[in-house]
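Undergrad: Quick one: the structure is below, and I'll ask about it shortly.
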Protein chains: 4
Amino acid sequence: MATQVQQQSNRFDIPETMKAWVLGGSNELTQVRKPVPEPGKAEVLVRIDAIAVCATDLEILERGLPAIVEGEDPFNKNFTIGHEYMGTVVKLGPDVDEYQPGDRVTVEVHAGCGRCPRCREGMYTSCLNYGFPSKGHRANGFTTDGGFAEYAVNNINTLVHIDDSMTDEEATLVVTAGTAMYGLDVMGGLIAGEGVVVTGPGPIGLMGVAVAKALGAQPVILTGTRDNRLEMGRKLGADHVVNVRNEDAVEAVQRLTHGKGVQYVLECSGAADAVNEAAQMLNRGGRICLAAFPGDPVPVDLAYLVRNNIYVYGIRGEGKSATHRAEAFMRQKRFDATLIHTHTFGLDEVPTAIKYAKERIDDAIKVVVKMRADA
Amino acid sequence: MATQVQQQSNRFDIPETMKAWVLGGSNELTQVRKPVPEPGKAEVLVRIDAIAVCATDLEILERGLPAIVEGEDPFNKNFTIGHEYMGTVVKLGPDVDEYQPGDRVTVEVHAGCGRCPRCREGMYTSCLNYGFPSKGHRANGFTTDGGFAEYAVNNINTLVHIDDSMTDEEATLVVTAGTAMYGLDVMGGLIAGEGVVVTGPGPIGLMGVAVAKALGAQPVILTGTRDNRLEMGRKLGADHVVNVRNEDAVEAVQRLTHGKGVQYVLECSGAADAVNEAAQMLNRGGRICLAAFPGDPVPVDLAYLVRNNIYVYGIRGEGKSATHRAEAFMRQKRFDATLIHTHTFGLDEVPTAIKYAKERIDDAIKVVVKMRADA
Amino acid sequence: MATQVQQQSNRFDIPETMKAWVLGGSNELTQVRKPVPEPGKAEVLVRIDAIAVCATDLEILERGLPAIVEGEDPFNKNFTIGHEYMGTVVKLGPDVDEYQPGDRVTVEVHAGCGRCPRCREGMYTSCLNYGFPSKGHRANGFTTDGGFAEYAVNNINTLVHIDDSMTDEEATLVVTAGTAMYGLDVMGGLIAGEGVVVTGPGPIGLMGVAVAKALGAQPVILTGTRDNRLEMGRKLGADHVVNVRNEDAVEAVQRLTHGKGVQYVLECSGAADAVNEAAQMLNRGGRICLAAFPGDPVPVDLAYLVRNNIYVYGIRGEGKSATHRAEAFMRQKRFDATLIHTHTFGLDEVPTAIKYAKERIDDAIKVVVKMRADA
Amino acid sequence: MATQVQQQSNRFDIPETMKAWVLGGSNELTQVRKPVPEPGKAEVLVRIDAIAVCATDLEILERGLPAIVEGEDPFNKNFTIGHEYMGTVVKLGPDVDEYQPGDRVTVEVHAGCGRCPRCREGMYTSCLNYGFPSKGHRANGFTTDGGFAEYAVNNINTLVHIDDSMTDEEATLVVTAGTAMYGLDVMGGLIAGEGVVVTGPGPIGLMGVAVAKALGAQPVILTGTRDNRLEMGRKLGADHVVNVRNEDAVEAVQRLTHGKGVQYVLECSGAADAVNEAAQMLNRGGRICLAAFPGDPVPVDLAYLVRNNIYVYGIRGEGKSATHRAEAFMRQKRFDATLIHTHTFGLDEVPTAIKYAKERIDDAIKVVVKMRADA
């Protein structure tokens, strides 16, 4: 077995250095050459084949790394951002046999330390050693080098096998769908036949619509401000869409549910009044998952939450291996995630890709960077 | 069997009318005579022996019944408030054999309709037929006549058998302890060895301290503004108390937990900044239960909740039969709930009792009304 | 509102008596005329349009009612069996507005009493007042009259609205799919991408395959002894089928999962060695749901269960409103339940229908009795 | 920080070799000198101060290591058994700061690999890499060297800080209490006021009584065959004890619960009919945890489990950090675990200690080996 692995490993010529984009000052991204990293215990080296731009990347670019210790200047650390990537396993760390060189994989963000109480109970996205790679924690593109580069090291816990039927571009979207799925999981999970409102048709919101429908939710209602996004939501499975420029969102939901409201709201807009509106879309005992948030504190009607037994779940990304569940649905063609992929650029064009994503040029939703023209 | 029940029933002379206090206009309470009600299917008649004044009673007195249909004037409905009562079963509805005349019982507030989706999944405090007695929903003292009277009808689901070792006064506190216990339940329940902060040393907060300690939480930290209340919390099991007039609550919790924070906050203060402070007392993945709330919307830092995977649970009272679990702890003498009972009055002195509770005269915490001098 | 309901109610001419099949002695079923029953509180009268024969019906026919008090002769009680029925609401009990006359509905079996601890926590299929209709418990066709008749009274908790797109025959299968779904629910519910083995391709097993696939399980493996049944399983979503006459079931599962085993086994065969085999199909920490069982005690290797942290869930029918979730999937055409419907007879042909089901004449799976030729 | 740690580390003179008992052939234990092992990443070196003999030790002694790959002779591997030990941290692996040299700790058995799906969901006792230390899995005394020696390496996940108020002997019992607590956890956890039967007054059973009572269960009923053990159970919190030599266990439980049965049975006897009897002690929807098991398959009435919605949980030891919760209860003096500690021997007397435990000489329950006379 070991011999065969060795031979497979030789299939890939791994250079000593690689192209990588690194964060300079605020909104400054530079291409450099860096050493190709070595995978350690429980790690593999992934040759990155494609990576999508996430809104969080834009935030890091502007404000720096959120996980850097307070007081420290977050910029100019030779750090490579980017976390929505997929690629090919090209080298194994010691004792790894869960993956083989040549395996196509996509990645999720968080590898918990595995040694804190939160990790030990399976809540690895709440790892108490967040930001301490020496203790084993990794958050790809947040606290350890990410994917705007030719190669990246990954803990095997962050890998998801992908099906051959999936293109590289589609595979970059698994983590987004996985985040949406996790949001539904934490609210209870058994949603077939239950009403779900998704507020905000960004990438997570749109994937939220798709996953909620795949799980049998009914009705799935999407709210937003742009008709073309809402239309995309409809294609992904929304039973109803509501343009909040034309109609009050709460009234619309109550109308569509005959005054009953829904059981779950997946909040993906980050709007200032989103929690209060979500609460009023719910029936008593309903639940809200916050997958987005406004930058500053906003007024929340806590009395309404208490009087109506409402639970609010903040989630930081995709936990409980939800990416694996999302990949399963995508592999089974339950929805077409590629609908939200709108633009593609090459590795040398990362600044342009980011500009498209940031300024929503040409109505960009998911902008993907592909590493090789032929791939 | 039926014969025996009948005989027992005869033990109690039940008059045709009874004394009852009814809500007039705002802050207007009048003693009247009302017919003693008849228990129906799954109901019993309880002779009330004692009732405690709850802060919610004061609110209803001032603002009216929260559950009355919107737009309708909430006052002058001949309605009897009061929900923290205990007493003796004196008459059984048809087919009731779960209780016998002579049984001493205390009550919880909510009997769900049993026919809506929320009730059917066991979430009876989120009953979707709240406020519709015709469908079977009852909320004692909120939507159906409560306990500032000589008798009240109760659905058997709202009854809790009490031990002979418990005084009438102590038994009125079961529902308060049950609410605190439910707050700990919804956050996860397995709290032995975990850190718990209780914010606000009102009755629910103080019972929260006692129940958390009984369940093995460690440390249990109580925050508040009055030293005598904090001292009471210490007697009920708090490992540490923090007077927030003297020390920043968040800093104190971090100091007491060596920078680790706690896993659970039971928020019982209703302070404007309580959620934000609670969040900063928690470690990542921590949980907040809101058992109190400010009257108006307050600024909440949602970004902090999301980035730290924090869940917030609004609870309306005592669900999932937590009162039975609370009674078990009290029966086993795990804590002395009577510490929070400070004053006692007679049935004719209800206005005085309420005045004491409202104005915290003589440092009143729990003010109890006893129906009979000799009891 | 009341007026309109009244008018709708008048749409249906409800006779005073009806045809009904009643249980005589063992394996004796007689058609009689009975009074049409009156719906009480929280009940409706359903005009039965179709009913499927369940294996449990055959058992009751032979051995009598399982719920009858021990020692009592279970036969000759003028009792109407049958629980997999659907129909049309024709009359409402007092205060019912959740359904309207004319609504098409299918039914699940259990209406818990709503007043025992199990019901109160949402476990109504474990009602502690099972078999006591006076306390509100109903199990259609088990403890209260069932559906081999023209009309039946139902608690609204046992009703499920069905979509117009569903035929009467298909609607009789909702409860079977709901039982399978409940089996997956109790084992954890989040099964997308997880391996599931279904043992035994009877109606529940075949619906188990369909529901597991709808929820994204992967692979779904069906084991059985008859190729045509297995083929049907394949059409309903099984990724692999194993004829245990040709191959050892455990070895097959290990082969198909590359030695990893699966996480869940839904046991629907009732075979003597089923639990032991299921355990060996699982990976550590796996779960087994027993939806079938052998008549007599069988040897079980408990040491294997303990050493491998395996949990075993016995389920009696369909709990936690799983029928609603099943109906949602069927409404959304996630799978074609009608594949398992093989034969249809009229109300006067019930004995023939039962004979077909019992003797599997003409390879019968689900035999449906339709009440009206034109329906 | 690092410097200080280094200095503390120097407080302990760690020799190069140590005394250790190793497994030879069946029932053959020999004292040898072995190199003191080095702690790796996320590990510490523990100087063992005391260790208790567990029934599983006796089994390994006789039959060999359960986790050794099939077909391989389990004996003569120079392996040190023993898993119920406590001691003092004397050396830290790289990057460890969760513990400091000098910390008193007790240990639990399982450190999952942290990289398989079961570990990632928090089920580390079901680790799919059980028996593969190279992947990070450790089961102290089962797959990696245990505690009948002067030193042992431990993953920090298997450590529990112990309070100064706890003696070394008491600390060896934490893992036993933790196993009992885990058994109650998996069955649901919220047991205040619920009935619990513990069958079998061995160490886990007796600790099960203590923990159930600490959590507020009521009644707690212990069944067994020896009066002195039952008496000990009474001291640890049992409300009732039943000597099954004098009375049928099922009848006794039904009598003591007025025919209601209990909600939970913690099965610690391993008796052949234990599951069937447990099932009949339960009310519908009840749960059984198997913490013991008969060596061979036994007849189980699966029909009864299904008809009564009973769940059966096999547990291999102590999961979900239950040892930490158990330690918290013991630290808070909720029960006196030392009641079950009956005998003490020195390190050179291990064979005698084992003989006492095996043959229950002088009514031995927990036999403890202390490493140093003065400690």
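For the structure tokens, the naming scheme is as follows: chains receive sequential letters (A, B, ...) according to their order of presentation, residues are indexed from 1 within each chain, and ligands are indexed from 1 in presentation order.
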Please provide the set of residues having any atom within 7 Å of stretch 170-179 of chain A, restricted to only C-alpha atoms, with same-chain residues fewer than 6 positions apart removed, written as a PyMOL selection string.

TA: chain A and resi 50-52+84-86+106-108+203-204+207-208+317-318+322-323+326-327+337-338

Undergrad: Need to verify the contact set: D:Phe148, 10 Å, only C-alpha atoms, exclusion of same-chain residues closer than 6 positions in sequence. Can you return it as a list of chain:residue names?

TA: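 Surrounding residues, per the criterion: D:Lys19, D:Ala20, D:Trp21, D:Val22, D:Gln31, D:Ile48, D:Ala50, D:Ile51, D:Ala52, D:Val53, D:Thr80, D:Ile81, D:Gly82, D:His83, D:Glu84, D:Tyr85, D:Gly141, D:Leu347, D:Asp348, D:Val350, D:Val369, D:Lys370, D:Met371.
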
Undergrad: DSSP says strand (DSSP E) for which residues of stretch 208-323 of chain D? Put them as a PyMOL selection string?

TA: chain D and resi 220-224+240-243+262-267+282-290+298-300+311-314

Undergrad: Using 10 Å as the limit and counting only C-alpha atoms, can you tabulate each residue of chain B that touches chain D, with its shortest atom-to-atom distance in Å and the two atoms involved, as a Markdown table?

TA:
```
| residue | atom | partner | partner_atom | distance |
| --- | --- | --- | --- | --- |
| B:Asp185 | CA | D:Leu190 | CA | 7.9 |
| B:Gly188 | CA | D:Gly189 | CA | 9.6 |
| B:Gly189 | CA | D:Leu190 | CA | 6.9 |
| B:Leu190 | CA | D:Gly189 | CA | 6.9 |
| B:Ile191 | CA | D:Arg325 | CA | 7.6 |
| B:Ala192 | CA | D:Arg325 | CA | 4.8 |
| B:Gly193 | CA | D:Ala328 | CA | 4.9 |
| B:Glu194 | CA | D:Arg325 | CA | 8.0 |
| B:Lys213 | CA | D:Gln332 | CA | 9.6 |
| B:Ala214 | CA | D:Leu215 | CA | 7.7 |
| B:Leu215 | CA | D:Leu215 | CA | 6.1 |
| B:Gly216 | CA | D:Phe329 | CA | 6.0 |
| B:Ala217 | CA | D:Ala328 | CA | 7.9 |
| B:Gln218 | CA | D:Ala328 | CA | 7.4 |
| B:Ala322 | CA | D:Ala192 | CA | 9.0 |
| B:Thr323 | CA | D:Gly193 | CA | 9.8 |
| B:His324 | CA | D:Gly193 | CA | 6.5 |
| B:Arg325 | CA | D:Ala192 | CA | 4.8 |
| B:Ala326 | CA | D:Ala192 | CA | 7.6 |
| B:Glu327 | CA | D:Gly193 | CA | 7.7 |
| B:Ala328 | CA | D:Gly193 | CA | 4.8 |
| B:Phe329 | CA | D:Gly216 | CA | 6.0 |
| B:Met330 | CA | D:Gly216 | CA | 9.6 |
| B:Arg331 | CA | D:Gly193 | CA | 9.4 |
| B:Gln332 | CA | D:Gly216 | CA | 7.6 |
| B:Arg334 | CA | D:Gly216 | CA | 8.8 |
```

Undergrad: Let me make sure I understand: among B:Gly224, B:Gly195, B:Gly319, B:Gly286, which one has the smallest atom-to-atom distance to B:Leu305 if we use only C-alpha atoms?

TA: B:Gly286

Undergrad: Output as a ChimeraX atom specification all residues of stretch 210-310 of chain A that backbone DSSP marks as alpha helix (DSSP H).

TA: /A:210-214,227-236,249-256,274-281,302-307

Undergrad: Fewer than 5 positions away in the same chain doesn't count, so skip those; otherwise give me all residues within 10 Å of B:Met187, counting only C-alpha atoms, as a PyMOL selection string.

TA: chain B and resi 182+263-266+286-289+311-313

Undergrad: Which residues are close to stretch 231-236 of chain C, i.e. within 9 Å by only C-alpha atoms, leaving aside same-chain residues fewer than 6 positions away? Reply as a PDB file with N, CA and C atoms, in the first residue's frame.

TA:
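File written: out.pdb
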```pdb
ATOM      1  N   PRO C 201     -37.632  -5.547   2.001  1.00  0.00           N
ATOM      2  CA  PRO C 201     -38.331  -4.693   1.040  1.00  0.00           C
ATOM      3  C   PRO C 201     -39.843  -4.825   1.112  1.00  0.00           C
ATOM      4  N   GLY C 205     -40.095  -0.787   4.282  1.00  0.00           N
ATOM      5  CA  GLY C 205     -38.728  -0.806   3.778  1.00  0.00           C
ATOM      6  C   GLY C 205     -38.600  -0.064   2.456  1.00  0.00           C
ATOM      7  N   LEU C 206     -39.533  -0.321   1.558  1.00  0.00           N
ATOM      8  CA  LEU C 206     -39.450   0.350   0.252  1.00  0.00           C
ATOM      9  C   LEU C 206     -39.640   1.861   0.396  1.00  0.00           C
ATOM     10  N   MET C 207     -40.568   2.254   1.267  1.00  0.00           N
ATOM     11  CA  MET C 207     -40.722   3.690   1.500  1.00  0.00           C
ATOM     12  C   MET C 207     -39.483   4.240   2.224  1.00  0.00           C
ATOM     13  N   VAL C 209     -36.427   3.316   1.711  1.00  0.00           N
ATOM     14  CA  VAL C 209     -35.470   3.592   0.634  1.00  0.00           C
ATOM     15  C   VAL C 209     -35.768   4.942  -0.015  1.00  0.00           C
ATOM     16  N   ALA C 210     -37.036   5.156  -0.313  1.00  0.00           N
ATOM     17  CA  ALA C 210     -37.430   6.383  -1.018  1.00  0.00           C
ATOM     18  C   ALA C 210     -37.146   7.623  -0.177  1.00  0.00           C
ATOM     19  N   VAL C 211     -37.512   7.561   1.091  1.00  0.00           N
ATOM     20  CA  VAL C 211     -37.336   8.729   1.957  1.00  0.00           C
ATOM     21  C   VAL C 211     -35.847   8.966   2.237  1.00  0.00           C
ATOM     22  N   LYS C 213     -33.395   8.313   0.344  1.00  0.00           N
ATOM     23  CA  LYS C 213     -32.801   8.930  -0.851  1.00  0.00           C
ATOM     24  C   LYS C 213     -33.250  10.380  -0.985  1.00  0.00           C
ATOM     25  N   LEU C 222     -30.448  -1.680  -0.217  1.00  0.00           N
ATOM     26  CA  LEU C 222     -31.627  -2.448   0.174  1.00  0.00           C
ATOM     27  C   LEU C 222     -31.305  -3.937   0.119  1.00  0.00           C
ATOM     28  N   PHE C 335     -40.474  11.045  -4.901  1.00  0.00           N
ATOM     29  CA  PHE C 335     -40.443   9.620  -5.240  1.00  0.00           C
ATOM     30  C   PHE C 335     -41.866   9.203  -5.579  1.00  0.00           C
ATOM     31  N   ASP C 336     -41.991   8.080  -6.255  1.00  0.00           N
ATOM     32  CA  ASP C 336     -43.300   7.645  -6.712  1.00  0.00           C
ATOM     33  C   ASP C 336     -43.785   6.497  -5.827  1.00  0.00           C
ATOM     34  N   ALA C 337     -44.481   6.858  -4.761  1.00  0.00           N
ATOM     35  CA  ALA C 337     -44.957   5.853  -3.809  1.00  0.00           C
ATOM     36  C   ALA C 337     -45.900   4.864  -4.473  1.00  0.00           C
ATOM     37  N   LEU C 339     -45.644   3.110  -6.874  1.00  0.00           N
ATOM     38  CA  LEU C 339     -45.001   1.886  -7.366  1.00  0.00           C
ATOM     39  C   LEU C 339     -45.338   0.681  -6.489  1.00  0.00           C
ATOM     40  N   ILE C 340     -45.567   0.934  -5.211  1.00  0.00           N
ATOM     41  CA  ILE C 340     -45.825  -0.211  -4.334  1.00  0.00           C
ATOM     42  C   ILE C 340     -47.313  -0.551  -4.248  1.00  0.00           C
TER      43      ILE C 340
END
```

Undergrad: Could you check which of B:Val44, B:Met18, B:Ser321, B:Lys333 is closest to C:Cys116, using only C-alpha atoms?

TA: B:Ser321

Undergrad: As a PyMOL selection string, please: the residues near stretch 353-357 of chain D (cut-off 9 Å, only C-alpha atoms, same-chain neighbours under 4 positions excluded).

TA: chain D and resi 53-55+57-58+343-346+349+361-369

Undergrad: Export N, CA, C and O atoms of the chosen residues as a PDB file, in the first residue's frame?

TA:
```
ATOM      1  N   VAL D  53      -8.228  -1.173  39.979  1.00  0.00           N
ATOM      2  CA  VAL D  53      -8.402  -2.343  39.122  1.00  0.00           C
ATOM      3  C   VAL D  53      -9.841  -2.347  38.606  1.00  0.00           C
ATOM      4  O   VAL D  53     -10.781  -2.202  39.383  1.00  0.00           O
ATOM      5  N   CYS D  54      -9.980  -2.506  37.293  1.00  0.00           N
ATOM      6  CA  CYS D  54     -11.310  -2.537  36.670  1.00  0.00           C
ATOM      7  C   CYS D  54     -11.586  -3.957  36.191  1.00  0.00           C
ATOM      8  O   CYS D  54     -10.677  -4.702  35.839  1.00  0.00           O
ATOM      9  N   ALA D  55     -12.855  -4.341  36.134  1.00  0.00           N
ATOM     10  CA  ALA D  55     -13.217  -5.676  35.660  1.00  0.00           C
ATOM     11  C   ALA D  55     -12.686  -5.901  34.247  1.00  0.00           C
ATOM     12  O   ALA D  55     -12.334  -7.023  33.871  1.00  0.00           O
ATOM     13  N   ASP D  57      -9.885  -4.920  33.121  1.00  0.00           N
ATOM     14  CA  ASP D  57      -8.484  -5.336  33.245  1.00  0.00           C
ATOM     15  C   ASP D  57      -8.402  -6.853  33.364  1.00  0.00           C
ATOM     16  O   ASP D  57      -7.539  -7.502  32.763  1.00  0.00           O
ATOM     17  N   LEU D  58      -9.293  -7.412  34.163  1.00  0.00           N
ATOM     18  CA  LEU D  58      -9.284  -8.860  34.384  1.00  0.00           C
ATOM     19  C   LEU D  58      -9.561  -9.593  33.082  1.00  0.00           C
ATOM     20  O   LEU D  58      -8.963 -10.640  32.793  1.00  0.00           O
ATOM     21  N   HIS D 343      -9.917  -1.739  49.163  1.00  0.00           N
ATOM     22  CA  HIS D 343      -8.586  -2.268  49.462  1.00  0.00           C
ATOM     23  C   HIS D 343      -7.509  -1.449  48.769  1.00  0.00           C
ATOM     24  O   HIS D 343      -7.752  -0.876  47.713  1.00  0.00           O
ATOM     25  N   THR D 344      -6.319  -1.441  49.371  1.00  0.00           N
ATOM     26  CA  THR D 344      -5.198  -0.708  48.808  1.00  0.00           C
ATOM     27  C   THR D 344      -3.943  -1.568  48.845  1.00  0.00           C
ATOM     28  O   THR D 344      -3.684  -2.238  49.849  1.00  0.00           O
ATOM     29  N   PHE D 345      -3.182  -1.546  47.762  1.00  0.00           N
ATOM     30  CA  PHE D 345      -1.912  -2.281  47.711  1.00  0.00           C
ATOM     31  C   PHE D 345      -0.837  -1.384  47.091  1.00  0.00           C
ATOM     32  O   PHE D 345      -1.146  -0.315  46.558  1.00  0.00           O
ATOM     33  N   GLY D 346       0.405  -1.855  47.153  1.00  0.00           N
ATOM     34  CA  GLY D 346       1.514  -1.108  46.558  1.00  0.00           C
ATOM     35  C   GLY D 346       1.800  -1.575  45.134  1.00  0.00           C
ATOM     36  O   GLY D 346       1.280  -2.608  44.690  1.00  0.00           O
ATOM     37  N   GLU D 349       2.705  -5.035  44.483  1.00  0.00           N
ATOM     38  CA  GLU D 349       1.692  -6.038  44.843  1.00  0.00           C
ATOM     39  C   GLU D 349       0.560  -6.140  43.813  1.00  0.00           C
ATOM     40  O   GLU D 349      -0.529  -6.620  44.134  1.00  0.00           O
ATOM     41  N   ILE D 361     -12.137 -11.122  47.081  1.00  0.00           N
ATOM     42  CA  ILE D 361     -11.686 -11.516  48.401  1.00  0.00           C
ATOM     43  C   ILE D 361     -12.072 -10.450  49.412  1.00  0.00           C
ATOM     44  O   ILE D 361     -11.939  -9.245  49.138  1.00  0.00           O
ATOM     45  N   ASP D 362     -12.577 -10.880  50.530  1.00  0.00           N
ATOM     46  CA  ASP D 362     -12.880  -9.915  51.584  1.00  0.00           C
ATOM     47  C   ASP D 362     -13.863  -8.870  51.061  1.00  0.00           C
ATOM     48  O   ASP D 362     -13.797  -7.697  51.403  1.00  0.00           O
ATOM     49  N   ASP D 363     -14.746  -9.382  50.165  1.00  0.00           N
ATOM     50  CA  ASP D 363     -15.796  -8.532  49.586  1.00  0.00           C
ATOM     51  C   ASP D 363     -15.247  -7.278  48.891  1.00  0.00           C
ATOM     52  O   ASP D 363     -15.816  -6.181  49.003  1.00  0.00           O
ATOM     53  N   ALA D 364     -14.184  -7.434  48.188  1.00  0.00           N
ATOM     54  CA  ALA D 364     -13.559  -6.294  47.519  1.00  0.00           C
ATOM     55  C   ALA D 364     -14.467  -5.700  46.446  1.00  0.00           C
ATOM     56  O   ALA D 364     -15.107  -6.430  45.694  1.00  0.00           O
ATOM     57  N   ILE D 365     -14.528  -4.400  46.389  1.00  0.00           N
ATOM     58  CA  ILE D 365     -15.193  -3.734  45.255  1.00  0.00           C
ATOM     59  C   ILE D 365     -14.093  -3.062  44.446  1.00  0.00           C
ATOM     60  O   ILE D 365     -13.596  -3.626  43.489  1.00  0.00           O
ATOM     61  N   LYS D 366     -13.694  -1.875  44.879  1.00  0.00           N
ATOM     62  CA  LYS D 366     -12.615  -1.218  44.153  1.00  0.00           C
ATOM     63  C   LYS D 366     -11.305  -1.420  44.905  1.00  0.00           C
ATOM     64  O   LYS D 366     -11.170  -0.993  46.057  1.00  0.00           O
ATOM     65  N   VAL D 367     -10.367  -2.058  44.231  1.00  0.00           N
ATOM     66  CA  VAL D 367      -9.043  -2.278  44.778  1.00  0.00           C
ATOM     67  C   VAL D 367      -8.104  -1.269  44.109  1.00  0.00           C
ATOM     68  O   VAL D 367      -8.051  -1.179  42.883  1.00  0.00           O
ATOM     69  N   VAL D 368      -7.394  -0.506  44.939  1.00  0.00           N
ATOM     70  CA  VAL D 368      -6.539   0.553  44.415  1.00  0.00           C
ATOM     71  C   VAL D 368      -5.074   0.216  44.664  1.00  0.00           C
ATOM     72  O   VAL D 368      -4.725  -0.280  45.745  1.00  0.00           O
ATOM     73  N   VAL D 369      -4.262   0.469  43.674  1.00  0.00           N
ATOM     74  CA  VAL D 369      -2.810   0.332  43.835  1.00  0.00           C
ATOM     75  C   VAL D 369      -2.220   1.724  43.984  1.00  0.00           C
ATOM     76  O   VAL D 369      -2.445   2.594  43.122  1.00  0.00           O
TER      77      VAL D 369
END
```

Undergrad: Excluding same-chain residues fewer than 4 positions from D:Glu28, what lies within 10 Å of it counting only C-alpha atoms, as a PyMOL selection string?

TA: chain D and resi 21-24+61-62+75-76+351

Undergrad: Any chance you can output those residues with all heavy atoms as a compact mmCIF listing (two decimals), in the first residue's frame?

TA:
```
# COMPACT_ATOMS: atom_id res chain seq x y z
N TRP D 21 4.27 -3.11 34.85
CA TRP D 21 3.76 -4.47 34.73
C TRP D 21 3.34 -4.68 33.29
O TRP D 21 2.63 -3.86 32.73
CB TRP D 21 2.58 -4.68 35.68
CG TRP D 21 2.98 -4.71 37.12
CD1 TRP D 21 3.08 -3.64 37.97
CD2 TRP D 21 3.38 -5.86 37.87
NE1 TRP D 21 3.50 -4.04 39.22
CE2 TRP D 21 3.69 -5.40 39.19
CE3 TRP D 21 3.52 -7.23 37.58
CZ2 TRP D 21 4.13 -6.26 40.20
CZ3 TRP D 21 3.93 -8.09 38.59
CH2 TRP D 21 4.24 -7.61 39.89
N VAL D 22 3.75 -5.79 32.70
CA VAL D 22 3.37 -6.04 31.30
C VAL D 22 2.68 -7.39 31.19
O VAL D 22 2.94 -8.32 31.96
CB VAL D 22 4.58 -5.97 30.34
CG1 VAL D 22 5.21 -4.59 30.38
CG2 VAL D 22 5.61 -7.04 30.67
N LEU D 23 1.82 -7.44 30.20
CA LEU D 23 1.04 -8.64 29.93
C LEU D 23 1.88 -9.67 29.20
O LEU D 23 2.46 -9.37 28.14
CB LEU D 23 -0.17 -8.22 29.06
CG LEU D 23 -1.20 -9.27 28.67
CD1 LEU D 23 -1.84 -9.90 29.90
CD2 LEU D 23 -2.25 -8.60 27.79
N GLY D 24 1.96 -10.86 29.79
CA GLY D 24 2.67 -11.94 29.10
C GLY D 24 1.66 -12.80 28.37
O GLY D 24 0.96 -12.31 27.49
N LEU D 61 -6.53 -9.39 30.86
CA LEU D 61 -5.53 -10.31 31.39
C LEU D 61 -5.78 -11.73 30.90
O LEU D 61 -4.85 -12.47 30.57
CB LEU D 61 -5.61 -10.30 32.91
CG LEU D 61 -4.47 -9.67 33.66
CD1 LEU D 61 -4.76 -9.69 35.16
CD2 LEU D 61 -3.15 -10.37 33.36
N GLU D 62 -7.05 -12.08 30.85
CA GLU D 62 -7.37 -13.45 30.50
C GLU D 62 -7.41 -13.68 28.99
O GLU D 62 -6.85 -14.64 28.48
CB GLU D 62 -8.71 -13.84 31.11
CG GLU D 62 -9.02 -15.31 30.92
CD GLU D 62 -10.26 -15.73 31.69
OE1 GLU D 62 -10.58 -15.07 32.71
OE2 GLU D 62 -10.90 -16.70 31.27
N PHE D 75 -1.18 -11.62 23.11
CA PHE D 75 -0.31 -11.61 24.30
C PHE D 75 1.14 -11.31 23.96
O PHE D 75 1.54 -11.25 22.80
CB PHE D 75 -0.44 -12.96 25.01
CG PHE D 75 -1.83 -13.24 25.48
CD1 PHE D 75 -2.61 -14.20 24.86
CD2 PHE D 75 -2.38 -12.50 26.53
CE1 PHE D 75 -3.91 -14.46 25.29
CE2 PHE D 75 -3.68 -12.75 26.97
CZ PHE D 75 -4.44 -13.72 26.34
N ASN D 76 1.92 -11.14 25.02
CA ASN D 76 3.37 -10.98 24.88
C ASN D 76 3.77 -9.83 23.95
O ASN D 76 4.56 -9.99 23.04
CB ASN D 76 3.99 -12.29 24.40
CG ASN D 76 3.75 -13.41 25.41
OD1 ASN D 76 4.12 -13.29 26.57
ND2 ASN D 76 3.07 -14.48 24.97
N PRO D 351 -0.19 -8.15 41.39
CA PRO D 351 -0.88 -9.44 41.27
C PRO D 351 -1.84 -9.71 42.42
O PRO D 351 -2.93 -10.26 42.22
CB PRO D 351 0.27 -10.45 41.24
CG PRO D 351 1.43 -9.67 40.69
CD PRO D 351 1.28 -8.29 41.26
```
